[in-house]
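> Supplied in structure tokens, the structure appears directly below.
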Amino acid sequence: MRKKILLIGKSGSGKTSMRAIIFANYTSRDTNRLGATIEVNQAYFKFLGNLILNLWDCGGQDHFMENYFSSQRDTIFKNVEVLIYVFDVYSFETEKDIFYYQRSLESLVTHSPNAKIFVLVNKMDLIPEYERDKKFEKHKAEILEYSKPVQIKCFQTSIWDETLYRAWSSIVQDIVLNSSLLANSLNEFSNVIEADEILLFERTTFLVVSQSLRKEHSDLKRFEKISSIIKQFKVNCNRFDTTFQSIEIKNDNFTIIIDNFTPNTYIMVIVSDPNITPALTIHNIKYAQKHFQLLESQT
Amino acid sequence: MSKMMSSSVIDQTSSLSISSQNILSNGTIVDFSVGSMPANYGYDESFSKEDDEEDSNEESSQFKPRILIMGLRKSGKTSIKNVVFHKMEPNETLLLDPTTKTNLEDISCCSFITFQVYDCSGQIDLFNDPTCDYIALLKGCGSLIFVIDAQDEDQYTDAISCLTQTIFKGYNINRGIKFEVFIHKVDGFPDEKKMDIYNEIQQRANEMLIQQDATESLIQKIYLNYHLTSIYDHSIFEAFSKVVHKLIPQHRQLERLLDFLCNSCGLERAFLFDVASKIFIASDCISPLDTQLYELCCDKIDLVLDISNIYAPKDVEGISADDSSYTCVKLNNELYLYMKQVDKFLAFVCVIRDEIFVENRGIMDYNLTLFKDSIKDILSAQKTVSQDQSVNNQNNTNSSEPDTSNMANNILGNF
């Protein structure tokens, strides 16, 4: 099952950097080695078993952009599942940006009317922290205005913190097919083993594909933080030609177990009941694996 | 992500001012650590005037060794201090302002010693500035770190001449200072170039030292060590660890403890880490230091701290140190990284093979409880010594080495 994802935006807005960090294990620092993308760069990523993401990273320089809306319009905008449009928050050419954005929307609505649209406002790290939310809300309002009547979802991102993972997790969760079935199974599992939270991560990208929450937690941004923490550790391990299989943290307040689950996912279980030993949780996870593997192969 | 360090810096500062008032009889104490208001709300540019008390300086330096970080301006001193002790991300250091005043910071680094890190402003020439009492500064100094910017080739001569001047002045004031040179900002260079720079700087420094030293005997007596460092990888932590090792009186003993543990439990590698700064206080001596394993352990500590801080209840910070807590990372090359918190600041991290860990987990945990007790013995012995000295204000000659053979006998043996 192939899904086509279009990544469009002005030159230098950060499309290829984001793609490299999420899918190719680059660190944020490594991305300064990347050069300008020439025309369209197509890549295939296997995701969650039978899903293949076909990512079209479209170079944003002016002469390429012109082609996308004229001669290559059909090729590019047909059969698109998701359009991701990337804005650079520091860009000074706002009129041109909006122009390209609206033309992309038009082309998309014509050729792939059912596509989902995500708009990312990137490079938010260049804005001082106290101004960020305000500025983002302002941009978001403008973008919503320009997008009418098309429905879009807007996120602020930066490759230097966890906001990147938040945006891409949302994108990916929208694409995954049987996400409600998965979520229900996770909820059942969670009730049985009395876990506070269960998160399901995709193996290569470590994006959260599903979660089950039984207990309230104050930090709403924790999912993306965890994604980026674990991904960072994974990348560090890769430097030494190794990778981790499982992580177990136990103390007075909680037990956290991160382990291989299905061939395409990792599971993270957080248990705060001190009476439940880690060995028990690990045992339960092993038994649940079969059910979830079956679920995955059925998509 | 975790800002645990800042709170303990402030705590340690207040206890510093109390204990230093015990030790010193005359002379005003000015305490102006970063991030807290000094006791008397005063604020002047001079350092604490402890110069009249020679005895107390020798003693206090045993318990609070001073590390001076010096170097030309923009060589990277404040960045080093922030990255190592305040968990700052390396790329955030670009936003730091140049240091105008010399800052004293009391780092509650680990249980054994409390550091005072003097981050000297590169803009002030320490020796010529009339407001600086550099004699007092150098007298209590355990290690002097001189930072040279490896990327700024034009400044090499200036840096090296400043270094030589510092070494001579320092040696004349305090014979015991260990001089460490950090050849910094080497992350941009390939390995060959790094070695070239290392050799070049070492050579030029030696030449200049010999030139200025009439008797030539000084070179043999000075303890001078070079390190290649960068804040963008783990080399700065490793270099700082080695500096710290020389300042800890119990270092050799801790290494022996770790050797016993490694031999009896079949560990590949064992480290005693200071969790907040990721400096390792000791490691086993069975094989030479494998940088990769050290880095993996550092990364693991980061991971555990970050995740624990997300899920810990509001009032609890850091990792708990009771017997049943542990952290375990299984790698796919049949190695386990196992970590247990020893006390509030220290953690024991070891690298062990799959099969051995699974079979002998229980015995290893038992041995680790003995290990923890031994560390506590060492710590309390240290405290008794320091208390005696602060009360009596005399030199205490008996060394308080705990009996490590006791622990060795109790450790369950080889398998």
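Each chain of the structure tokens is named A, B, ... in the order shown, its residues numbered from 1; ligands are numbered from 1 in display order.
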Write out as a VMD selection string all residues of stretch 126-210 of chain A that DSSP puts in helix (DSSP H, G or I) for this structure's backbone.
chain A and resid 126 129 to 147 163 to 175 179 to 193
> May I have the residues within 12 Å of stretch 70-75 of chain A as a PyMOL selection string, using only C-alpha atoms and disregarding those fewer than 2 positions away in the same chain?
chain A and resi 4+6+39-40+56+58+63-68+77-80+103-112
> Taking 5 positions as the minimum chain separation for residues in the same chain, which residues sit within 12 Å of A:Tyr90 when counting only C-alpha atoms? Answer as an MDAnalysis selection string.
chainID A and resid 10 12:14 97 121:127 135:136 139
> Atoms to include: C-alpha atoms. Write the selected residues as a tab-separated table (two decimals), in the first residue's frame.

```tsv
chain	number	residue	atom	x	y	z
A	10	LYS	CA	10.43	27.72	-0.55
A	12	GLY	CA	15.92	26.84	2.25
A	13	SER	CA	12.84	26.42	4.40
A	14	GLY	CA	14.08	23.14	5.85
A	97	ASP	CA	5.50	32.62	-0.24
A	121	VAL	CA	6.09	26.91	10.22
A	122	ASN	CA	9.73	25.99	10.48
A	123	LYS	CA	12.85	27.52	12.07
A	124	MET	CA	10.95	28.63	15.16
A	125	ASP	CA	14.21	28.40	17.12
A	126	LEU	CA	15.27	31.70	15.55
A	127	ILE	CA	12.52	33.43	17.51
A	135	LYS	CA	4.22	34.80	16.58
A	136	PHE	CA	3.08	31.36	15.65
A	139	HIS	CA	1.20	33.21	11.33
```
> Quick one: which residues from chain A are at most 6 Å off chain B, using only C-alpha atoms, as an mmCIF file with all heavy atoms, in the first residue's frame?

```
data_model
loop_
_atom_site.group_PDB
_atom_site.id
_atom_site.type_symbol
_atom_site.label_atom_id
_atom_site.label_comp_id
_atom_site.auth_asym_id
_atom_site.auth_seq_id
_atom_site.Cartn_x
_atom_site.Cartn_y
_atom_site.Cartn_z
ATOM 1 N N THR A 243 23.018 -0.941 18.289
ATOM 2 C CA THR A 243 21.757 -0.280 18.572
ATOM 3 C C THR A 243 21.146 -0.953 19.783
ATOM 4 O O THR A 243 21.571 -2.029 20.178
ATOM 5 C CB THR A 243 20.819 -0.315 17.355
ATOM 6 O OG1 THR A 243 19.676 0.479 17.661
ATOM 7 C CG2 THR A 243 20.346 -1.719 17.069
ATOM 8 N N PHE A 244 20.167 -0.316 20.383
ATOM 9 C CA PHE A 244 19.662 -0.905 21.612
ATOM 10 C C PHE A 244 18.472 -1.784 21.307
ATOM 11 O O PHE A 244 17.753 -1.588 20.333
ATOM 12 C CB PHE A 244 19.299 0.182 22.613
ATOM 13 C CG PHE A 244 18.054 0.937 22.269
ATOM 14 C CD1 PHE A 244 16.828 0.502 22.716
ATOM 15 C CD2 PHE A 244 18.103 2.074 21.502
ATOM 16 C CE1 PHE A 244 15.681 1.190 22.406
ATOM 17 C CE2 PHE A 244 16.973 2.770 21.185
ATOM 18 C CZ PHE A 244 15.742 2.323 21.637
ATOM 19 N N GLN A 245 18.293 -2.778 22.165
ATOM 20 C CA GLN A 245 17.122 -3.634 21.995
ATOM 21 C C GLN A 245 16.051 -3.312 23.007
ATOM 22 O O GLN A 245 14.872 -3.357 22.707
ATOM 23 C CB GLN A 245 17.520 -5.098 22.169
ATOM 24 C CG GLN A 245 18.158 -5.660 20.949
ATOM 25 C CD GLN A 245 18.305 -7.144 21.051
ATOM 26 O OE1 GLN A 245 18.096 -7.722 22.106
ATOM 27 N NE2 GLN A 245 18.682 -7.753 19.966
ATOM 28 N N SER A 246 16.487 -3.059 24.221
ATOM 29 C CA SER A 246 15.467 -2.757 25.220
ATOM 30 C C SER A 246 16.059 -1.887 26.306
ATOM 31 O O SER A 246 17.261 -1.860 26.510
ATOM 32 C CB SER A 246 14.915 -4.037 25.833
ATOM 33 O OG SER A 246 15.905 -4.648 26.604
ATOM 34 N N ILE A 247 15.182 -1.147 26.963
ATOM 35 C CA ILE A 247 15.595 -0.273 28.051
ATOM 36 C C ILE A 247 14.654 -0.507 29.215
ATOM 37 O O ILE A 247 13.443 -0.565 29.025
ATOM 38 C CB ILE A 247 15.493 1.206 27.622
ATOM 39 C CG1 ILE A 247 16.402 1.463 26.439
ATOM 40 C CG2 ILE A 247 15.875 2.122 28.771
ATOM 41 C CD1 ILE A 247 16.255 2.836 25.861
ATOM 42 N N GLU A 248 15.243 -0.632 30.396
ATOM 43 C CA GLU A 248 14.415 -0.870 31.572
ATOM 44 C C GLU A 248 14.827 0.125 32.640
ATOM 45 O O GLU A 248 16.001 0.174 32.981
ATOM 46 C CB GLU A 248 14.755 -2.265 32.091
ATOM 47 C CG GLU A 248 13.624 -3.144 32.482
ATOM 48 C CD GLU A 248 14.160 -4.489 32.935
ATOM 49 O OE1 GLU A 248 14.577 -5.260 32.041
ATOM 50 O OE2 GLU A 248 14.219 -4.727 34.152
ATOM 51 N N ILE A 249 13.902 0.910 33.134
ATOM 52 C CA ILE A 249 14.242 1.841 34.205
ATOM 53 C C ILE A 249 13.316 1.556 35.359
ATOM 54 O O ILE A 249 12.103 1.647 35.217
ATOM 55 C CB ILE A 249 14.031 3.302 33.758
ATOM 56 C CG1 ILE A 249 14.871 3.599 32.529
ATOM 57 C CG2 ILE A 249 14.398 4.257 34.875
ATOM 58 C CD1 ILE A 249 14.644 4.974 31.974
ATOM 59 N N LYS A 250 13.889 1.217 36.493
ATOM 60 C CA LYS A 250 13.021 0.940 37.620
ATOM 61 C C LYS A 250 13.451 1.745 38.816
ATOM 62 O O LYS A 250 14.617 1.780 39.152
ATOM 63 C CB LYS A 250 13.074 -0.541 37.989
ATOM 64 C CG LYS A 250 12.187 -0.830 39.198
ATOM 65 C CD LYS A 250 12.296 -2.239 39.660
ATOM 66 C CE LYS A 250 11.357 -2.525 40.808
ATOM 67 N NZ LYS A 250 11.307 -1.518 41.854
ATOM 68 N N ASN A 251 12.504 2.413 39.446
ATOM 69 C CA ASN A 251 12.810 3.005 40.736
ATOM 70 C C ASN A 251 11.542 3.054 41.569
ATOM 71 O O ASN A 251 10.547 2.425 41.220
ATOM 72 C CB ASN A 251 13.452 4.389 40.569
ATOM 73 C CG ASN A 251 12.543 5.352 39.879
ATOM 74 O OD1 ASN A 251 11.334 5.281 39.987
ATOM 75 N ND2 ASN A 251 13.138 6.275 39.135
#
```
> Fewer than 5 positions away in the same chain doesn't count, so skip those; otherwise give me all residues within 8 Å of stretch 145-161 of chain B, counting only C-alpha atoms, as a ChimeraX atom specification.
/B:67-72,74-77,179-186,197,201,204-205,208
> Would you kindly return, as a JSON list (two decimals) with C-alpha atoms, in the first residue's frame, each protein, DNA or RNA residue with an atom no farther than 10 Å from any atom of stretch 151-160 of chain A, considering only C-alpha atoms and excluding same-chain residues fewer than 6 positions away?

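Printed below is out-v3.json as written:
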```json
[["chain", "number", "residue", "atom", "x", "y", "z"],
["A", 14, "GLY", "CA", 14.08, 23.14, 5.85],
["A", 17, "SER", "CA", 16.69, 18.74, 6.78],
["A", 18, "MET", "CA", 13.45, 17.56, 8.33],
["A", 21, "ILE", "CA", 16.38, 13.90, 10.66],
["A", 22, "ILE", "CA", 13.15, 11.94, 10.76],
["A", 27, "THR", "CA", 21.44, 14.73, 13.85],
["A", 28, "SER", "CA", 20.40, 18.36, 13.78],
["A", 29, "ARG", "CA", 24.00, 19.43, 13.36],
["A", 31, "THR", "CA", 21.93, 18.84, 8.39],
["A", 83, "LEU", "CA", 0.71, 17.63, 1.26],
["A", 84, "ILE", "CA", 3.19, 19.13, 3.67],
["A", 85, "TYR", "CA", 3.87, 22.79, 2.99],
["A", 86, "VAL", "CA", 6.83, 24.29, 4.81],
["A", 87, "PHE", "CA", 7.16, 27.99, 5.64],
["A", 88, "ASP", "CA", 10.30, 29.60, 6.93],
["A", 89, "VAL", "CA", 9.23, 31.85, 9.79],
["A", 116, "LYS", "CA", -4.81, 16.04, 3.74],
["A", 117, "ILE", "CA", -2.88, 19.24, 4.13],
["A", 118, "PHE", "CA", -0.37, 20.09, 6.83],
["A", 119, "VAL", "CA", 1.40, 23.42, 7.07],
["A", 120, "LEU", "CA", 4.64, 23.62, 9.06],
["A", 121, "VAL", "CA", 6.09, 26.91, 10.22],
["A", 122, "ASN", "CA", 9.73, 25.99, 10.48],
["A", 123, "LYS", "CA", 12.85, 27.52, 12.07],
["A", 124, "MET", "CA", 10.95, 28.63, 15.16],
["A", 125, "ASP", "CA", 14.21, 28.40, 17.12],
["A", 126, "LEU", "CA", 15.27, 31.70, 15.55],
["A", 132, "ARG", "CA", 7.26, 32.11, 19.92],
["A", 133, "ASP", "CA", 3.68, 31.23, 20.68],
["A", 135, "LYS", "CA", 4.22, 34.80, 16.58],
["A", 136, "PHE", "CA", 3.08, 31.36, 15.65],
["A", 137, "GLU", "CA", -0.55, 32.17, 16.39],
["A", 139, "HIS", "CA", 1.20, 33.21, 11.33],
["A", 140, "LYS", "CA", -1.36, 30.48, 11.81],
["A", 141, "ALA", "CA", -4.23, 32.93, 11.61],
["A", 143, "ILE", "CA", -2.32, 30.96, 6.86],
["A", 144, "LEU", "CA", -5.83, 29.84, 7.77],
["A", 166, "ARG", "CA", 5.17, 16.45, 17.27],
["A", 167, "ALA", "CA", 4.30, 17.66, 13.81],
["A", 168, "TRP", "CA", 5.48, 14.53, 12.05],
["A", 170, "SER", "CA", 0.50, 13.89, 13.83],
["A", 171, "ILE", "CA", 1.09, 13.60, 10.11],
["A", 228, "SER", "CA", 13.51, 12.86, 20.32],
["B", 91, "ASN", "CA", 24.93, 25.05, 20.27]]
```
> Here is a test: counting only C-alpha atoms, which residue of B:Ile236, B:Lys221, B:Leu379, B:Lys344 is nearest to B:Ala276?
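The closest residue to B:Ala276 is B:Lys344.
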> Quick one, how far is atom CA of B:Ile222 from atom CA of B:Val243?
15.2 Å
